[in-house]
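Structure first, then comments.
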Amino acid sequence: MVHLAKYIVVTGGVVSSIGKGITAASIGRILRSYGLSVTAIKIDPYLNWDSGTLNPYQHGEVFVTDDGMETDLDLGHYERFLDSDLPGEANITTGKVYMSVIEKERSGEYLGSCVQIIPHITDEIKSMIRRIADRSRADVVLVEVGGTVGDIEGQPFLEALRQLRNEEGHENVMFVHVTYVPYLRAAGEFKTKPTQHSTKELRSTGINPDMIICRSEMPIDSSLKKKIAHFCDVEEEAVVNAPDASSIYEVPLVLDSENVGEYIVRRIELDVDGGADLSEWAGIVESLMVEEPVVTVGIVGKYVELEDSYISIREALKHAAAHLRVRVDIEWISADDAVNEEDLSRLDSILIPGGFGERGIAGKLEAVRFALENRVPVFGICLGMQCMVIEFARMKGMEGANSTEFDPETPYPVIDMMEEQKRIKNMGGTMRLGSYQCRIMKGTLAHEAYGTELVSERHRHRFELNNEFRGELEEKGLIISGTSPDNFLVEMVEIEDHPWFLGCQFHPEFRSRPNRAHPLFVSFLRAALEGSR
Ligand code: GLN
């Protein structure tokens, strides 16, 4: 049977970084609260095939899906707000669209025709979107278009979405435009002109928005909304204000108070019984706002200037804090500079995140040593776990121990490239990616945290604990608490006689949800709280 989905397309205007992804995810959350099933698509109009090869400074964290796609961080917001695992194909890039069209052209699928942006690229975009709608069988498909309207790279996507509205019917597709309404302090007033201009830009592509969501620093009043409705040709009740909120998780509640759900339900004729029930979500938001007690976590990383680089870790810590009803304060510590012991000694716990390349390694190793010597809870994720193993080995007399990623000549290559990785030449999408099972050893900290023997976690790495040194490290006191089910790959390490020292080769942060805090983060914060200074 053909699946009939409703589509909500979210575009952005005026400036970037106004929280278009959070706004779209919040709409999704509201619709979920009506009992509807919702899935999300993020369109990234850049040419990269995926975001795996992008520096975190460019686009923030690379989010990894269950099925092993390296995607935009907005997919993380969608998974957290919708509480569902998205497929990697939910991140559509210009690179993927063109690659697919060119492959078809080479295989002769368009024999005889001149291959063009319209119709071939736009058809490809529509079929990618429809395929996701079909496979998910969701009632509502959110489609967020990255960038701002007017960007050259975004044009084919807007054109495809305009066509999609005509083909699917106006009652099945709606457009939501997210803009920014600046407040001019000198003039003492809000300015709607940028919103008018960007709506005009959107309309020049043939798309009339059905709803305008105005982001602003402070609430705007109804006369301003009226003005925007008038100039942008949108119904008055479809001009919505979303002023800055103290937490991103509050946004669904803000949009709900502006009756966003009701308007959408009516506009695209969604089949619902009753209204949205956001009480569970409101409860989560309440626990995320707990002020006391406070527990501090120092994140020792090399991309700390841009918090978005570690966004899933930051959110996972918040979820765990809400679960324990405490507040977590994160201190961002640059691993580039010599790590200052005084800074570290003020912390209740230390977290060492993932990363690539040698820069910042010395700082991370120092932080591990500090945590070992001062019995501070320490959590190492991916590269962080590798640093734990390296520093542990060095402290136990294996001088010069290292990962071959940083020192190919090290006398003790305790971390080395996985065998299957050695043959790989291409850099894109070739790491060990996505969900793999991990078997947990009974009687360990890991087992105590998870309370189960088999877990599934997402990965993104090329290097691993070197099996040649496994025995020697174990003799020296390293506990291998998690391995792949065939016992070949070490997935988790810990040591005895320390309040909380645990490293994992996978990225637990990608599976944490506001309503389902991740067990490792909960266990880590609990230990930090117990030893809290
Ligand atoms: N660079 C390390 C590896 O490839 C760690 C990767 C990571 O932290 N995501 O194994």
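Residue numbering restarts at 1 in every chain; chains get A, B, ... in the order shown in the structure tokens, and ligands count up from 1 in that same order.
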Neighbour list for Leu324 in chain A as a PyMOL selection string, cut-off 8 Å, only C-alpha atoms, skip fewer than 2 positions in-chain: chain A and resi 320-322+326+522+526
Exercise answer, 7 Å around ligand 1 with only C-alpha atoms and all ligand atoms, as a PDB file with all heavy atoms, in the first residue's frame:
ATOM      1  N   PRO A 353      37.154  13.306  25.878  1.00  0.00           N
ATOM      2  CA  PRO A 353      36.343  12.900  24.722  1.00  0.00           C
ATOM      3  C   PRO A 353      37.182  12.323  23.576  1.00  0.00           C
ATOM      4  O   PRO A 353      38.408  12.233  23.675  1.00  0.00           O
ATOM      5  CB  PRO A 353      35.698  14.215  24.297  1.00  0.00           C
ATOM      6  CG  PRO A 353      36.668  15.276  24.692  1.00  0.00           C
ATOM      7  CD  PRO A 353      37.401  14.749  25.906  1.00  0.00           C
ATOM      8  N   GLY A 354      36.521  11.993  22.497  1.00  0.00           N
ATOM      9  CA  GLY A 354      37.175  11.443  21.319  1.00  0.00           C
ATOM     10  C   GLY A 354      37.895  12.505  20.522  1.00  0.00           C
ATOM     11  O   GLY A 354      37.793  13.702  20.802  1.00  0.00           O
ATOM     12  N   GLY A 355      38.622  12.081  19.522  1.00  0.00           N
ATOM     13  CA  GLY A 355      39.324  13.026  18.667  1.00  0.00           C
ATOM     14  C   GLY A 355      40.296  12.320  17.742  1.00  0.00           C
ATOM     15  O   GLY A 355      40.430  11.094  17.775  1.00  0.00           O
ATOM     16  N   PHE A 356      40.947  13.110  16.930  1.00  0.00           N
ATOM     17  CA  PHE A 356      41.870  12.557  15.935  1.00  0.00           C
ATOM     18  C   PHE A 356      43.149  13.382  15.918  1.00  0.00           C
ATOM     19  O   PHE A 356      43.104  14.598  16.102  1.00  0.00           O
ATOM     20  CB  PHE A 356      41.229  12.585  14.535  1.00  0.00           C
ATOM     21  CG  PHE A 356      40.017  11.718  14.459  1.00  0.00           C
ATOM     22  CD1 PHE A 356      38.783  12.185  14.890  1.00  0.00           C
ATOM     23  CD2 PHE A 356      40.113  10.414  14.007  1.00  0.00           C
ATOM     24  CE1 PHE A 356      37.664  11.373  14.865  1.00  0.00           C
ATOM     25  CE2 PHE A 356      38.996   9.594  13.972  1.00  0.00           C
ATOM     26  CZ  PHE A 356      37.772  10.064  14.396  1.00  0.00           C
ATOM     27  N   GLY A 357      44.277  12.736  15.687  1.00  0.00           N
ATOM     28  CA  GLY A 357      45.536  13.458  15.526  1.00  0.00           C
ATOM     29  C   GLY A 357      46.219  13.768  16.840  1.00  0.00           C
ATOM     30  O   GLY A 357      45.621  13.659  17.921  1.00  0.00           O
ATOM     31  N   ILE A 381      36.380   8.512  26.486  1.00  0.00           N
ATOM     32  CA  ILE A 381      35.538   8.047  25.395  1.00  0.00           C
ATOM     33  C   ILE A 381      36.371   7.983  24.114  1.00  0.00           C
ATOM     34  O   ILE A 381      36.950   8.994  23.706  1.00  0.00           O
ATOM     35  CB  ILE A 381      34.322   8.981  25.224  1.00  0.00           C
ATOM     36  CG1 ILE A 381      33.432   8.901  26.465  1.00  0.00           C
ATOM     37  CG2 ILE A 381      33.550   8.657  23.956  1.00  0.00           C
ATOM     38  CD1 ILE A 381      32.226   9.823  26.451  1.00  0.00           C
ATOM     39  N   CYS A 382      36.435   6.812  23.512  1.00  0.00           N
ATOM     40  CA  CYS A 382      37.146   6.595  22.250  1.00  0.00           C
ATOM     41  C   CYS A 382      38.610   7.011  22.368  1.00  0.00           C
ATOM     42  O   CYS A 382      39.363   6.337  23.059  1.00  0.00           O
ATOM     43  CB  CYS A 382      36.405   7.295  21.110  1.00  0.00           C
ATOM     44  SG  CYS A 382      36.733   6.497  19.534  1.00  0.00           S
ATOM     45  N   LEU A 383      39.011   8.130  21.783  1.00  0.00           N
ATOM     46  CA  LEU A 383      40.403   8.551  21.950  1.00  0.00           C
ATOM     47  C   LEU A 383      40.710   8.723  23.439  1.00  0.00           C
ATOM     48  O   LEU A 383      41.839   8.487  23.884  1.00  0.00           O
ATOM     49  CB  LEU A 383      40.652   9.872  21.206  1.00  0.00           C
ATOM     50  CG  LEU A 383      42.074  10.403  21.302  1.00  0.00           C
ATOM     51  CD1 LEU A 383      43.049   9.494  20.583  1.00  0.00           C
ATOM     52  CD2 LEU A 383      42.175  11.802  20.721  1.00  0.00           C
ATOM     53  N   GLY A 384      39.714   9.124  24.207  1.00  0.00           N
ATOM     54  CA  GLY A 384      39.887   9.293  25.652  1.00  0.00           C
ATOM     55  C   GLY A 384      40.258   7.976  26.312  1.00  0.00           C
ATOM     56  O   GLY A 384      41.143   7.910  27.168  1.00  0.00           O
ATOM     57  N   ARG A 460      33.142   4.886  16.147  1.00  0.00           N
ATOM     58  CA  ARG A 460      33.739   5.696  15.068  1.00  0.00           C
ATOM     59  C   ARG A 460      35.246   5.742  15.310  1.00  0.00           C
ATOM     60  O   ARG A 460      35.758   6.666  15.922  1.00  0.00           O
ATOM     61  CB  ARG A 460      33.147   7.107  15.090  1.00  0.00           C
ATOM     62  CG  ARG A 460      33.669   8.000  13.967  1.00  0.00           C
ATOM     63  CD  ARG A 460      32.964   9.335  13.929  1.00  0.00           C
ATOM     64  NE  ARG A 460      33.394  10.108  12.792  1.00  0.00           N
ATOM     65  CZ  ARG A 460      34.012  11.279  12.881  1.00  0.00           C
ATOM     66  NH1 ARG A 460      34.272  11.822  14.060  1.00  0.00           N
ATOM     67  NH2 ARG A 460      34.372  11.928  11.795  1.00  0.00           N
ATOM     68  N   HIS A 461      35.939   4.713  14.863  1.00  0.00           N
ATOM     69  CA  HIS A 461      37.396   4.672  15.121  1.00  0.00           C
ATOM     70  C   HIS A 461      38.131   3.771  14.142  1.00  0.00           C
ATOM     71  O   HIS A 461      37.527   2.930  13.476  1.00  0.00           O
ATOM     72  CB  HIS A 461      37.661   4.209  16.558  1.00  0.00           C
ATOM     73  CG  HIS A 461      37.203   2.808  16.851  1.00  0.00           C
ATOM     74  ND1 HIS A 461      38.022   1.838  17.346  1.00  0.00           N
ATOM     75  CD2 HIS A 461      35.997   2.210  16.690  1.00  0.00           C
ATOM     76  CE1 HIS A 461      37.344   0.705  17.503  1.00  0.00           C
ATOM     77  NE2 HIS A 461      36.115   0.914  17.101  1.00  0.00           N
ATOM     78  N   ARG A 462      39.452   3.999  14.062  1.00  0.00           N
ATOM     79  CA  ARG A 462      40.325   3.143  13.257  1.00  0.00           C
ATOM     80  C   ARG A 462      41.300   2.368  14.146  1.00  0.00           C
ATOM     81  O   ARG A 462      41.838   1.360  13.745  1.00  0.00           O
ATOM     82  CB  ARG A 462      41.193   3.988  12.323  1.00  0.00           C
ATOM     83  CG  ARG A 462      40.470   4.560  11.147  1.00  0.00           C
ATOM     84  CD  ARG A 462      41.448   5.256  10.201  1.00  0.00           C
ATOM     85  NE  ARG A 462      40.781   6.377   9.554  1.00  0.00           N
ATOM     86  CZ  ARG A 462      39.900   6.234   8.567  1.00  0.00           C
ATOM     87  NH1 ARG A 462      39.605   5.050   8.105  1.00  0.00           N
ATOM     88  NH2 ARG A 462      39.314   7.300   8.058  1.00  0.00           N
ATOM     89  N   PHE A 463      41.546   2.915  15.336  1.00  0.00           N
ATOM     90  CA  PHE A 463      42.561   2.329  16.214  1.00  0.00           C
ATOM     91  C   PHE A 463      41.892   1.579  17.363  1.00  0.00           C
ATOM     92  O   PHE A 463      40.727   1.795  17.671  1.00  0.00           O
ATOM     93  CB  PHE A 463      43.485   3.439  16.739  1.00  0.00           C
ATOM     94  CG  PHE A 463      44.350   4.029  15.659  1.00  0.00           C
ATOM     95  CD1 PHE A 463      43.839   4.988  14.789  1.00  0.00           C
ATOM     96  CD2 PHE A 463      45.665   3.609  15.491  1.00  0.00           C
ATOM     97  CE1 PHE A 463      44.621   5.516  13.778  1.00  0.00           C
ATOM     98  CE2 PHE A 463      46.454   4.137  14.478  1.00  0.00           C
ATOM     99  CZ  PHE A 463      45.931   5.097  13.613  1.00  0.00           C
ATOM    100  N   GLU A 464      42.683   0.720  18.004  1.00  0.00           N
ATOM    101  CA  GLU A 464      42.156  -0.187  19.023  1.00  0.00           C
ATOM    102  C   GLU A 464      43.253  -0.556  20.008  1.00  0.00           C
ATOM    103  O   GLU A 464      44.433  -0.457  19.685  1.00  0.00           O
ATOM    104  CB  GLU A 464      41.771  -1.509  18.328  1.00  0.00           C
ATOM    105  CG  GLU A 464      40.314  -1.741  18.155  1.00  0.00           C
ATOM    106  CD  GLU A 464      39.582  -1.980  19.446  1.00  0.00           C
ATOM    107  OE1 GLU A 464      40.160  -2.523  20.427  1.00  0.00           O
ATOM    108  OE2 GLU A 464      38.406  -1.605  19.489  1.00  0.00           O
TER     109      GLU A 464
END
Among the residues A:Asn426, A:Arg327, A:Cys214, A:Leu473, the one that comes closest to Met395 in chain A [using only C-alpha atoms]: A:Leu473
Among listed residues A:Gly146, A:Gly471, A:Gly400, A:Gly35, nearest Gly275 in chain A (using only C-alpha atoms):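 Of all the options, A:Gly35 lies closest to Gly275 in chain A.
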Exercise: Asn48 in chain A partners within 10 Å, only C-alpha atoms, chain neighbours under 5 positions left out, as a VMD selection string: chain A and resid 53 to 54 93 to 96 428
Strand (DSSP E) positions in range 152-327 of chain A, given as a count of residues only: 32
With a cut-off of 9 Å, could you pull out the residues of range 260-284 of chain A touching range 233-248 of chain A and give me the nearest pair of atoms for each, distance in Å to one decimal, using only C-alpha atoms, ordered by chain and ascending number, as a tab-separated table?
residue	atom	partner	partner_atom	distance
A:Val260	CA	A:Val240	CA	7.4
A:Tyr263	CA	A:Ala238	CA	7.0
A:Ile264	CA	A:Ala238	CA	9.0
Export of the given selection (N, CA and C atoms) as a tab-separated table (two decimals), in the first residue's frame:
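Okay, this is what ended up in again_14.tsv:
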chain	number	residue	atom	x	y	z
A	260	VAL	N	1.42	26.23	18.18
A	260	VAL	CA	2.01	25.76	16.92
A	260	VAL	C	1.39	24.44	16.46
A	263	TYR	N	-2.16	24.70	14.98
A	263	TYR	CA	-2.17	25.27	13.63
A	263	TYR	C	-1.73	24.22	12.60
A	264	ILE	N	-0.64	23.53	12.92
A	264	ILE	CA	-0.12	22.54	11.97
A	264	ILE	C	-1.14	21.42	11.73
Interatomic distance (Å, one decimal) between CA of Glu61 in chain A and CA of Glu307 in chain A: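 Taking CA of Glu61 in chain A and CA of Glu307 in chain A, their separation equals 8.9 Å.
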Once DSSP has gone over the backbone, tell me which residues of range 319-427 of chain A are in helix (DSSP H, G or I), as a short mmCIF file (atom, residue, chain, number, x, y, z; two decimals) with C-alpha atoms, in the first residue's frame.
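As a result, result_32.cif now contains:
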data_model
loop_
_atom_site.label_atom_id
_atom_site.label_comp_id
_atom_site.auth_asym_id
_atom_site.auth_seq_id
_atom_site.Cartn_x
_atom_site.Cartn_y
_atom_site.Cartn_z
CA HIS A 319 20.43 14.02 30.87
CA ALA A 320 22.36 12.09 33.51
CA ALA A 321 22.27 15.11 35.84
CA ALA A 322 18.50 15.42 35.39
CA HIS A 323 18.15 11.71 36.14
CA LEU A 324 20.08 12.18 39.40
CA GLU A 341 46.75 21.14 37.99
CA GLU A 342 45.03 23.87 39.93
CA ASP A 343 42.23 23.96 37.36
CA LEU A 344 41.87 20.19 37.58
CA SER A 345 41.89 20.09 41.36
CA ILE A 361 47.36 14.39 23.35
CA ALA A 362 49.94 15.53 25.92
CA GLY A 363 47.24 17.50 27.78
CA LYS A 364 44.87 14.54 27.76
CA LEU A 365 47.55 12.20 29.08
CA GLU A 366 48.35 14.67 31.87
CA ALA A 367 44.68 14.78 32.80
CA VAL A 368 44.57 10.96 33.00
CA ARG A 369 47.64 10.94 35.23
CA PHE A 370 46.12 13.62 37.46
CA ALA A 371 42.90 11.62 37.80
CA LEU A 372 44.83 8.46 38.65
CA GLU A 373 47.08 10.11 41.20
CA LEU A 383 40.40 8.55 21.95
CA GLY A 384 39.89 9.29 25.65
CA MET A 385 39.96 5.57 26.44
CA GLN A 386 43.06 5.16 24.26
CA CYS A 387 44.77 7.94 26.28
CA MET A 388 43.84 6.12 29.50
CA VAL A 389 45.52 2.96 28.24
CA ILE A 390 48.62 4.84 27.08
CA GLU A 391 49.10 6.73 30.35
CA PHE A 392 48.36 3.63 32.43
CA ALA A 393 51.04 1.71 30.47
CA ARG A 394 53.57 4.51 30.92
CA MET A 395 52.92 4.74 34.65
CA GLU A 419 43.91 -5.03 11.00
CA GLU A 420 40.99 -4.47 8.62
CA GLN A 421 41.76 -0.74 8.61
CA LYS A 422 45.33 -1.19 7.37
#
Nearest candidate to Ser127 in chain A (options A:Glu89, A:Glu468, A:Glu286, A:Glu171; using only C-alpha atoms): A:Glu89
One-decimal distance in Å that lies between CA of Leu82 in chain A and CA of Phe157 in chain A: 24.1 Å
Separation of CA of Val15 in chain A from CA of Thr195 in chain A, in Å and rounded to one decimal: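 If I compute the distance from CA of Val15 in chain A to CA of Thr195 in chain A, I get 10.0 Å.
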Could you name the residues that touch Ile27 in chain A at 10 Å or less, counting only C-alpha atoms, but leaving out those on the same chain fewer than 5 positions away, as a PDB file with N, CA and C atoms, in the first residue's frame?
ATOM      1  N   ILE A   8       6.521  18.521   6.601  1.00  0.00           N
ATOM      2  CA  ILE A   8       6.700  19.879   7.105  1.00  0.00           C
ATOM      3  C   ILE A   8       8.127  20.289   6.766  1.00  0.00           C
ATOM      4  N   VAL A  10      11.164  22.913   6.858  1.00  0.00           N
ATOM      5  CA  VAL A  10      11.619  24.032   7.684  1.00  0.00           C
ATOM      6  C   VAL A  10      12.809  24.699   7.004  1.00  0.00           C
ATOM      7  N   GLY A  21      17.377  23.834  13.703  1.00  0.00           N
ATOM      8  CA  GLY A  21      17.290  22.405  14.008  1.00  0.00           C
ATOM      9  C   GLY A  21      16.487  22.166  15.281  1.00  0.00           C
ATOM     10  N   ILE A  22      16.759  22.958  16.306  1.00  0.00           N
ATOM     11  CA  ILE A  22      16.033  22.803  17.573  1.00  0.00           C
ATOM     12  C   ILE A  22      14.556  23.132  17.362  1.00  0.00           C
ATOM     13  N   ARG A  32       4.657  14.467  18.176  1.00  0.00           N
ATOM     14  CA  ARG A  32       4.757  13.157  18.850  1.00  0.00           C
ATOM     15  C   ARG A  32       3.800  13.122  20.038  1.00  0.00           C
ATOM     16  N   SER A  33       3.671  14.276  20.699  1.00  0.00           N
ATOM     17  CA  SER A  33       2.811  14.338  21.882  1.00  0.00           C
ATOM     18  C   SER A  33       1.325  14.256  21.530  1.00  0.00           C
ATOM     19  N   VAL A  38       6.682  10.456  13.937  1.00  0.00           N
ATOM     20  CA  VAL A  38       7.379  11.537  13.240  1.00  0.00           C
ATOM     21  C   VAL A  38       8.791  11.093  12.902  1.00  0.00           C
ATOM     22  N   PHE A  81      15.059  14.646  20.655  1.00  0.00           N
ATOM     23  CA  PHE A  81      13.714  15.213  20.832  1.00  0.00           C
ATOM     24  C   PHE A  81      12.610  14.244  20.432  1.00  0.00           C
ATOM     25  N   LEU A  82      12.881  13.437  19.402  1.00  0.00           N
ATOM     26  CA  LEU A  82      11.845  12.507  18.949  1.00  0.00           C
ATOM     27  C   LEU A  82      11.944  11.163  19.654  1.00  0.00           C
ATOM     28  N   LEU A 142       9.560  15.556   8.869  1.00  0.00           N
ATOM     29  CA  LEU A 142      10.110  16.911   8.969  1.00  0.00           C
ATOM     30  C   LEU A 142      11.290  16.994   8.022  1.00  0.00           C
ATOM     31  N   VAL A 251      12.060  24.632  24.383  1.00  0.00           N
ATOM     32  CA  VAL A 251      11.482  25.156  23.141  1.00  0.00           C
ATOM     33  C   VAL A 251      10.148  24.494  22.755  1.00  0.00           C
ATOM     34  N   PRO A 252      10.006  23.153  22.894  1.00  0.00           N
ATOM     35  CA  PRO A 252       8.683  22.588  22.569  1.00  0.00           C
ATOM     36  C   PRO A 252       7.571  23.215  23.414  1.00  0.00           C
ATOM     37  N   LEU A 253       7.872  23.532  24.669  1.00  0.00           N
ATOM     38  CA  LEU A 253       6.852  24.127  25.540  1.00  0.00           C
ATOM     39  C   LEU A 253       6.534  25.555  25.092  1.00  0.00           C
ATOM     40  N   LEU A 255       6.855  26.741  22.008  1.00  0.00           N
ATOM     41  CA  LEU A 255       6.071  26.675  20.758  1.00  0.00           C
ATOM     42  C   LEU A 255       4.645  26.198  21.033  1.00  0.00           C
ATOM     43  N   ASP A 256       4.499  25.317  22.004  1.00  0.00           N
ATOM     44  CA  ASP A 256       3.158  24.833  22.344  1.00  0.00           C
ATOM     45  C   ASP A 256       2.312  25.978  22.904  1.00  0.00           C
ATOM     46  N   VAL A 260       1.418  26.227  18.177  1.00  0.00           N
ATOM     47  CA  VAL A 260       2.007  25.762  16.916  1.00  0.00           C
ATOM     48  C   VAL A 260       1.391  24.443  16.465  1.00  0.00           C
ATOM     49  N   GLY A 261       1.248  23.509  17.427  1.00  0.00           N
ATOM     50  CA  GLY A 261       0.710  22.193  17.092  1.00  0.00           C
ATOM     51  C   GLY A 261      -0.678  22.286  16.483  1.00  0.00           C
ATOM     52  N   ILE A 264      -0.644  23.526  12.916  1.00  0.00           N
ATOM     53  CA  ILE A 264      -0.120  22.538  11.971  1.00  0.00           C
ATOM     54  C   ILE A 264      -1.145  21.420  11.735  1.00  0.00           C
TER      55      ILE A 264
END
Which of A:Ser51, A:Thr148, A:Thr404, A:Ser312 sits closest to Pro508 in chain A [using only C-alpha atoms]: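 So, comparing all the options, the nearest one is A:Ser312.
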